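J.: One structure is given below, represented as C-alpha coordinates, and several questions about it will come after.
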Amino acid sequence: MKNRRETEGEEGRVSRPGRKMRADSIRNRERLIEAAADVFRTGGGEASLEAVARKAGVGIGTLYRHFPKRDALFEAVYRREVAELADLADHLAESHEPVEAVRLWLHANVGLVATKKGMLAALAIAADGRTELYAESFERLTRAVGGLITAAVESGAMRPDISAEEVLWALIGMCHMRNQPGWQSGVLKLVDVFVDGLRMCGGAEPSGAKV
(Lines give C-alpha, C1' and ligand atoms only; values in the text may rest on other atoms or scores of the structure.)
Protein backbone atom coordinates (compact mmCIF):
# COMPACT_ATOMS: atom_id res chain seq x y z
CA MET A 1 0.00 0.00 0.00
CA LYS A 2 1.42 3.39 -0.99
CA ASN A 3 1.99 6.00 1.64
CA ARG A 4 0.63 9.55 1.36
CA ARG A 5 3.92 11.02 0.14
CA GLU A 6 4.17 8.52 -2.72
CA THR A 7 0.58 9.18 -3.73
CA GLU A 8 1.08 12.95 -3.69
CA GLY A 9 4.23 12.56 -5.77
CA GLU A 10 2.40 10.58 -8.41
CA GLU A 11 -0.44 13.12 -8.49
CA GLY A 12 2.11 15.89 -8.99
CA ARG A 13 3.67 14.06 -11.92
CA VAL A 14 0.26 13.54 -13.51
CA SER A 15 -0.82 17.17 -13.07
CA ARG A 16 2.32 18.76 -14.48
CA PRO A 17 1.70 17.72 -18.10
CA GLY A 18 -1.85 19.02 -17.71
CA ARG A 19 -0.57 22.42 -16.64
CA LYS A 20 1.88 22.51 -19.54
CA MET A 21 -0.85 21.66 -22.04
CA ARG A 22 -2.98 24.42 -20.55
CA ALA A 23 -0.19 26.93 -21.05
CA ASP A 24 0.29 25.76 -24.63
CA SER A 25 -3.43 26.08 -25.21
CA ILE A 26 -3.41 29.67 -23.96
CA ARG A 27 -0.49 30.54 -26.21
CA ASN A 28 -2.21 28.98 -29.22
CA ARG A 29 -5.36 30.98 -28.52
CA GLU A 30 -3.39 34.21 -28.26
CA ARG A 31 -1.57 33.46 -31.51
CA LEU A 32 -4.86 32.76 -33.26
CA ILE A 33 -6.38 36.05 -32.11
CA GLU A 34 -3.32 38.02 -33.22
CA ALA A 35 -3.16 36.20 -36.55
CA ALA A 36 -6.88 36.74 -37.17
CA ALA A 37 -6.53 40.48 -36.59
CA ASP A 38 -3.68 40.67 -39.10
CA VAL A 39 -5.40 38.53 -41.71
CA PHE A 40 -8.80 40.19 -41.54
CA ARG A 41 -7.44 43.71 -41.30
CA THR A 42 -5.81 43.25 -44.69
CA GLY A 43 -8.93 41.57 -46.07
CA GLY A 44 -9.15 40.42 -49.65
CA GLY A 45 -9.79 37.00 -51.11
CA GLU A 46 -7.04 35.40 -49.03
CA ALA A 47 -8.75 36.20 -45.73
CA SER A 48 -10.09 32.91 -44.40
CA LEU A 49 -10.00 30.68 -41.33
CA GLU A 50 -7.39 28.53 -43.05
CA ALA A 51 -5.21 31.62 -43.56
CA VAL A 52 -5.58 32.49 -39.88
CA ALA A 53 -4.49 29.01 -38.81
CA ARG A 54 -1.49 29.11 -41.16
CA LYS A 55 -0.38 32.51 -39.90
CA ALA A 56 -0.73 31.35 -36.30
CA GLY A 57 1.31 28.24 -37.06
CA VAL A 58 -1.37 25.79 -35.98
CA GLY A 59 -3.73 23.37 -37.68
CA ILE A 60 -7.28 24.26 -38.59
CA GLY A 61 -8.47 21.74 -36.00
CA THR A 62 -6.76 23.76 -33.26
CA LEU A 63 -8.57 26.88 -34.45
CA TYR A 64 -11.94 25.13 -34.27
CA ARG A 65 -11.19 23.74 -30.81
CA HIS A 66 -10.69 27.28 -29.53
CA PHE A 67 -13.39 28.88 -31.66
CA PRO A 68 -16.00 26.30 -32.67
CA LYS A 69 -18.23 29.12 -33.95
CA ARG A 70 -17.13 31.97 -36.18
CA ASP A 71 -18.94 34.44 -33.96
CA ALA A 72 -16.66 33.43 -31.09
CA LEU A 73 -13.56 34.30 -33.11
CA PHE A 74 -15.11 37.60 -34.17
CA GLU A 75 -15.86 38.60 -30.59
CA ALA A 76 -12.44 37.58 -29.28
CA VAL A 77 -10.60 39.56 -31.95
CA TYR A 78 -12.89 42.57 -31.67
CA ARG A 79 -12.57 42.74 -27.88
CA ARG A 80 -8.79 42.46 -28.12
CA GLU A 81 -8.61 45.30 -30.66
CA VAL A 82 -10.78 47.53 -28.49
CA ALA A 83 -8.69 46.79 -25.40
CA GLU A 84 -5.48 47.63 -27.26
CA LEU A 85 -6.96 50.94 -28.43
CA ALA A 86 -7.90 51.82 -24.86
CA ASP A 87 -4.35 51.09 -23.71
CA LEU A 88 -2.93 53.03 -26.65
CA ALA A 89 -4.76 56.17 -25.55
CA ASP A 90 -2.91 56.12 -22.22
CA HIS A 91 0.43 55.63 -23.98
CA LEU A 92 -0.16 58.43 -26.49
CA ALA A 93 -1.26 60.81 -23.76
CA GLU A 94 2.15 60.41 -22.14
CA SER A 95 4.30 60.39 -25.27
CA HIS A 96 2.80 62.97 -27.68
CA GLU A 97 1.39 66.47 -27.67
CA PRO A 98 -2.40 66.44 -27.19
CA VAL A 99 -3.69 67.02 -30.73
CA GLU A 100 -1.12 64.67 -32.24
CA ALA A 101 -2.20 62.04 -29.71
CA VAL A 102 -5.79 62.37 -30.93
CA ARG A 103 -4.68 62.06 -34.56
CA LEU A 104 -2.56 58.97 -33.98
CA TRP A 105 -5.29 57.30 -31.94
CA LEU A 106 -7.84 57.88 -34.70
CA HIS A 107 -5.38 56.41 -37.20
CA ALA A 108 -5.16 53.28 -35.05
CA ASN A 109 -8.96 53.12 -34.84
CA VAL A 110 -9.13 52.89 -38.63
CA GLY A 111 -7.34 49.57 -38.18
CA LEU A 112 -10.11 48.36 -35.85
CA VAL A 113 -12.78 49.22 -38.42
CA ALA A 114 -10.75 47.49 -41.14
CA THR A 115 -10.48 44.35 -39.00
CA LYS A 116 -14.20 44.39 -38.25
CA LYS A 117 -15.16 44.84 -41.90
CA GLY A 118 -12.75 42.09 -42.95
CA MET A 119 -14.16 39.66 -40.41
CA LEU A 120 -17.78 40.34 -41.32
CA ALA A 121 -17.01 39.69 -44.98
CA ALA A 122 -14.69 36.70 -44.62
CA LEU A 123 -16.63 34.93 -41.85
CA ALA A 124 -19.99 35.55 -43.52
CA ILE A 125 -21.65 36.66 -40.30
CA ALA A 126 -24.29 39.35 -39.90
CA ALA A 127 -23.29 42.82 -38.79
CA ASP A 128 -26.27 43.09 -36.46
CA GLY A 129 -27.07 40.89 -33.51
CA ARG A 130 -24.13 42.22 -31.48
CA THR A 131 -25.74 45.32 -30.04
CA GLU A 132 -24.41 44.72 -26.54
CA LEU A 133 -20.85 44.10 -27.74
CA TYR A 134 -20.85 47.20 -29.96
CA ALA A 135 -22.42 49.38 -27.28
CA GLU A 136 -19.90 48.27 -24.67
CA SER A 137 -17.00 48.79 -27.09
CA PHE A 138 -18.24 52.21 -28.22
CA GLU A 139 -18.47 53.34 -24.60
CA ARG A 140 -14.94 52.18 -23.88
CA LEU A 141 -13.56 53.83 -27.01
CA THR A 142 -15.46 57.04 -26.22
CA ARG A 143 -13.81 57.20 -22.81
CA ALA A 144 -10.39 56.57 -24.35
CA VAL A 145 -10.55 59.29 -27.00
CA GLY A 146 -12.48 61.53 -24.61
CA GLY A 147 -9.48 61.72 -22.33
CA LEU A 148 -7.24 62.69 -25.24
CA ILE A 149 -9.70 65.32 -26.47
CA THR A 150 -10.08 66.81 -22.99
CA ALA A 151 -6.31 67.18 -22.69
CA ALA A 152 -6.13 68.83 -26.13
CA VAL A 153 -8.92 71.27 -25.29
CA GLU A 154 -7.42 72.13 -21.91
CA SER A 155 -4.07 72.80 -23.57
CA GLY A 156 -5.76 75.37 -25.82
CA ALA A 157 -4.81 73.48 -28.96
CA MET A 158 -8.23 72.05 -29.86
CA ARG A 159 -11.64 73.65 -30.23
CA PRO A 160 -13.97 72.82 -27.33
CA ASP A 161 -17.25 72.46 -29.24
CA ILE A 162 -16.99 68.82 -30.35
CA SER A 163 -17.57 65.75 -28.20
CA ALA A 164 -15.81 62.42 -28.13
CA GLU A 165 -18.95 60.74 -29.47
CA GLU A 166 -19.07 63.14 -32.42
CA VAL A 167 -15.43 62.46 -33.22
CA LEU A 168 -16.02 58.71 -33.22
CA TRP A 169 -19.15 58.95 -35.37
CA ALA A 170 -17.25 61.12 -37.85
CA LEU A 171 -14.51 58.51 -38.04
CA ILE A 172 -17.01 55.68 -38.53
CA GLY A 173 -18.66 57.64 -41.31
CA MET A 174 -15.36 58.16 -43.09
CA CYS A 175 -14.48 54.47 -42.79
CA HIS A 176 -17.74 53.31 -44.32
CA MET A 177 -17.81 55.68 -47.29
CA ARG A 178 -15.76 53.28 -49.39
CA ASN A 179 -15.13 49.55 -49.52
CA GLN A 180 -12.68 49.35 -52.39
CA PRO A 181 -9.25 47.79 -51.77
CA GLY A 182 -6.92 50.29 -50.18
CA TRP A 183 -9.71 52.38 -48.68
CA GLN A 184 -7.75 52.78 -45.46
CA SER A 185 -5.13 55.09 -46.99
CA GLY A 186 -7.82 57.46 -48.20
CA VAL A 187 -9.48 57.51 -44.80
CA LEU A 188 -6.19 58.25 -43.06
CA LYS A 189 -5.80 61.35 -45.22
CA LEU A 190 -9.33 62.44 -44.33
CA VAL A 191 -8.58 61.90 -40.64
CA ASP A 192 -5.61 64.24 -40.90
CA VAL A 193 -7.76 66.91 -42.54
CA PHE A 194 -10.47 66.39 -39.93
CA VAL A 195 -8.07 66.71 -37.00
CA ASP A 196 -6.43 69.80 -38.52
CA GLY A 197 -9.89 71.32 -38.64
CA LEU A 198 -10.24 70.75 -34.89
CA ARG A 199 -7.13 72.76 -34.11
CA MET A 200 -7.56 76.21 -32.62
CA CYS A 201 -6.41 79.09 -34.82
CA GLY A 202 -2.88 80.02 -33.92
CA GLY A 203 -2.28 76.54 -32.49
CA ALA A 204 0.30 74.03 -33.55
CA GLU A 205 1.12 73.57 -37.22
CA PRO A 206 -1.28 71.17 -38.96
CA SER A 207 -0.07 67.58 -39.10
CA GLY A 208 1.73 66.67 -42.28
CA ALA A 209 2.28 70.32 -43.23
CA LYS A 210 5.28 70.86 -45.47
CA VAL A 211 7.48 73.88 -45.82
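Just so we're on the same page: first chain in the C-alpha coordinates is A, next is B, and so on; residues restart at 1 for each chain, and ligands are numbered from 1 in the order they show up.
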Kindly provide the residues of region 53-111 of chain A that approach region 194-198 of chain A to within 10 Å, each paired with its closest atom pair and their distance in Å to one decimal, based on only C-alpha atoms, listed by chain and increasing number, as JSON lines.
T.:
```
{"residue": "A:Val99", "atom": "CA", "partner": "A:Val195", "partner_atom": "CA", "distance": 7.7}
{"residue": "A:Glu100", "atom": "CA", "partner": "A:Val195", "partner_atom": "CA", "distance": 8.7}
{"residue": "A:Val102", "atom": "CA", "partner": "A:Val195", "partner_atom": "CA", "distance": 7.8}
{"residue": "A:Arg103", "atom": "CA", "partner": "A:Val195", "partner_atom": "CA", "distance": 6.2}
{"residue": "A:Leu104", "atom": "CA", "partner": "A:Val195", "partner_atom": "CA", "distance": 10.0}
{"residue": "A:Leu106", "atom": "CA", "partner": "A:Val195", "partner_atom": "CA", "distance": 9.1}
```
J.: Keeping only all heavy atoms, write the selected residues as a PDB file, in the first residue's frame.
T.:
```pdb
ATOM      1  N   VAL A  99      -2.982  67.179 -29.463  1.00  0.00           N
ATOM      2  CA  VAL A  99      -3.690  67.020 -30.734  1.00  0.00           C
ATOM      3  C   VAL A  99      -3.080  65.884 -31.556  1.00  0.00           C
ATOM      4  O   VAL A  99      -3.799  65.116 -32.204  1.00  0.00           O
ATOM      5  CB  VAL A  99      -3.685  68.331 -31.540  1.00  0.00           C
ATOM      6  CG1 VAL A  99      -4.381  68.141 -32.892  1.00  0.00           C
ATOM      7  CG2 VAL A  99      -4.372  69.441 -30.766  1.00  0.00           C
ATOM      8  N   GLU A 100      -1.771  65.761 -31.517  1.00  0.00           N
ATOM      9  CA  GLU A 100      -1.122  64.672 -32.241  1.00  0.00           C
ATOM     10  C   GLU A 100      -1.535  63.324 -31.658  1.00  0.00           C
ATOM     11  O   GLU A 100      -1.692  62.339 -32.382  1.00  0.00           O
ATOM     12  CB  GLU A 100       0.399  64.827 -32.169  1.00  0.00           C
ATOM     13  CG  GLU A 100       1.194  63.740 -32.890  1.00  0.00           C
ATOM     14  CD  GLU A 100       1.015  63.741 -34.400  1.00  0.00           C
ATOM     15  OE1 GLU A 100       0.315  64.622 -34.937  1.00  0.00           O
ATOM     16  OE2 GLU A 100       1.583  62.848 -35.044  1.00  0.00           O
ATOM     17  N   VAL A 102      -4.456  62.639 -30.386  1.00  0.00           N
ATOM     18  CA  VAL A 102      -5.793  62.371 -30.932  1.00  0.00           C
ATOM     19  C   VAL A 102      -5.678  61.835 -32.353  1.00  0.00           C
ATOM     20  O   VAL A 102      -6.329  60.854 -32.728  1.00  0.00           O
ATOM     21  CB  VAL A 102      -6.664  63.648 -30.919  1.00  0.00           C
ATOM     22  CG1 VAL A 102      -7.975  63.415 -31.668  1.00  0.00           C
ATOM     23  CG2 VAL A 102      -6.940  64.088 -29.489  1.00  0.00           C
ATOM     24  N   ARG A 103      -4.835  62.481 -33.165  1.00  0.00           N
ATOM     25  CA  ARG A 103      -4.683  62.063 -34.564  1.00  0.00           C
ATOM     26  C   ARG A 103      -4.165  60.628 -34.673  1.00  0.00           C
ATOM     27  O   ARG A 103      -4.708  59.814 -35.434  1.00  0.00           O
ATOM     28  CB  ARG A 103      -3.732  63.016 -35.288  1.00  0.00           C
ATOM     29  CG  ARG A 103      -3.632  62.765 -36.801  1.00  0.00           C
ATOM     30  CD  ARG A 103      -2.609  63.710 -37.432  1.00  0.00           C
ATOM     31  NE  ARG A 103      -1.260  63.305 -37.104  1.00  0.00           N
ATOM     32  CZ  ARG A 103      -0.553  62.413 -37.783  1.00  0.00           C
ATOM     33  NH1 ARG A 103      -1.091  61.798 -38.828  1.00  0.00           N
ATOM     34  NH2 ARG A 103       0.673  62.106 -37.427  1.00  0.00           N
ATOM     35  N   LEU A 104      -3.143  60.309 -33.917  1.00  0.00           N
ATOM     36  CA  LEU A 104      -2.559  58.968 -33.981  1.00  0.00           C
ATOM     37  C   LEU A 104      -3.540  57.915 -33.471  1.00  0.00           C
ATOM     38  O   LEU A 104      -3.604  56.801 -34.002  1.00  0.00           O
ATOM     39  CB  LEU A 104      -1.263  58.919 -33.177  1.00  0.00           C
ATOM     40  CG  LEU A 104      -0.093  59.738 -33.749  1.00  0.00           C
ATOM     41  CD1 LEU A 104       1.089  59.720 -32.791  1.00  0.00           C
ATOM     42  CD2 LEU A 104       0.314  59.212 -35.120  1.00  0.00           C
ATOM     43  N   LEU A 106      -6.834  58.063 -33.661  1.00  0.00           N
ATOM     44  CA  LEU A 106      -7.840  57.877 -34.699  1.00  0.00           C
ATOM     45  C   LEU A 106      -7.282  57.045 -35.856  1.00  0.00           C
ATOM     46  O   LEU A 106      -7.994  56.213 -36.438  1.00  0.00           O
ATOM     47  CB  LEU A 106      -8.345  59.229 -35.209  1.00  0.00           C
ATOM     48  CG  LEU A 106      -9.161  60.044 -34.203  1.00  0.00           C
ATOM     49  CD1 LEU A 106      -9.509  61.407 -34.792  1.00  0.00           C
ATOM     50  CD2 LEU A 106     -10.433  59.304 -33.792  1.00  0.00           C
TER      51      LEU A 106
END
```
J.: Excluding region 178-186 of chain A and any residue of its chain fewer than 5 positions from it, enumerate the residues within 10 Å of it, using only C-alpha atoms, and give them as a list in words.
T.: Arg41, Thr42, Gly43, Gly44, His107, Val110, Gly111, Val113, Ala114, Lys117, Gly173 and Val191 of chain A
J.: Could you give me the residues within region 47-198 of chain A that DSSP places in helix (DSSP H, G or I), as JSON, numbers by chain?
T.: {"A": [49, 50, 51, 52, 53, 54, 55, 56, 60, 61, 62, 63, 64, 65, 66, 70, 71, 72, 73, 74, 75, 76, 77, 78, 79, 80, 81, 82, 83, 84, 85, 86, 87, 88, 89, 90, 91, 92, 93, 94, 95, 98, 99, 100, 101, 102, 103, 104, 105, 106, 107, 108, 109, 110, 111, 112, 113, 114, 115, 116, 117, 118, 119, 120, 121, 122, 123, 131, 132, 133, 134, 135, 136, 137, 138, 139, 140, 141, 142, 143, 144, 145, 146, 147, 148, 149, 150, 151, 152, 153, 154, 164, 165, 166, 167, 168, 169, 170, 171, 172, 173, 174, 175, 183, 184, 185, 186, 187, 188, 189, 190, 191, 192, 193, 194, 195, 196, 197, 198]}
J.: With only C-alpha atoms as the basis for distance, which of A:Pro160, A:Gly147, A:Gly118, A:Pro68 is at the shortest distance from Ala89 (chain A)?
T.: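 Of A:Pro160, A:Gly147, A:Gly118, A:Pro68, the one nearest Ala89 (chain A), counting only C-alpha atoms, is A:Gly147.
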J.: Show which residues sit within 9 Å of Met119 (chain A), as an MDAnalysis selection string. Count only C-alpha atoms, and ignore same-chain residues fewer than 4 positions away.
T.: chainID A and resid 36:37 39:41 43 47:48 74 114:115 123:125
J.: Pick the closest to Thr142 (chain A) from A:Cys201, A:Val167, A:Ala72, A:Ala83: which is it, counting only C-alpha atoms?
T.: A:Val167
J.: Counting only C-alpha atoms, figure out which residue out of A:Ile172, A:Ala122, A:Leu92, A:Leu190 gets nearest to Val145 (chain A).
T.: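 Counting only C-alpha atoms, the residue closest to Val145 (chain A) is A:Leu92.
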J.: Would you mind reading off the distance between CA of Val153 (chain A) and CA of Phe138 (chain A), one decimal, in Å?
T.: 21.4 Å
J.: Counting only C-alpha atoms, what is within 12 Å of Glu30 (chain A), bar same-chain residues fewer than 4 positions away, as a ChimeraX atom specification?
T.: /A:23-26,34-37,52-53,56-58,63,66-67,73,76-77,80
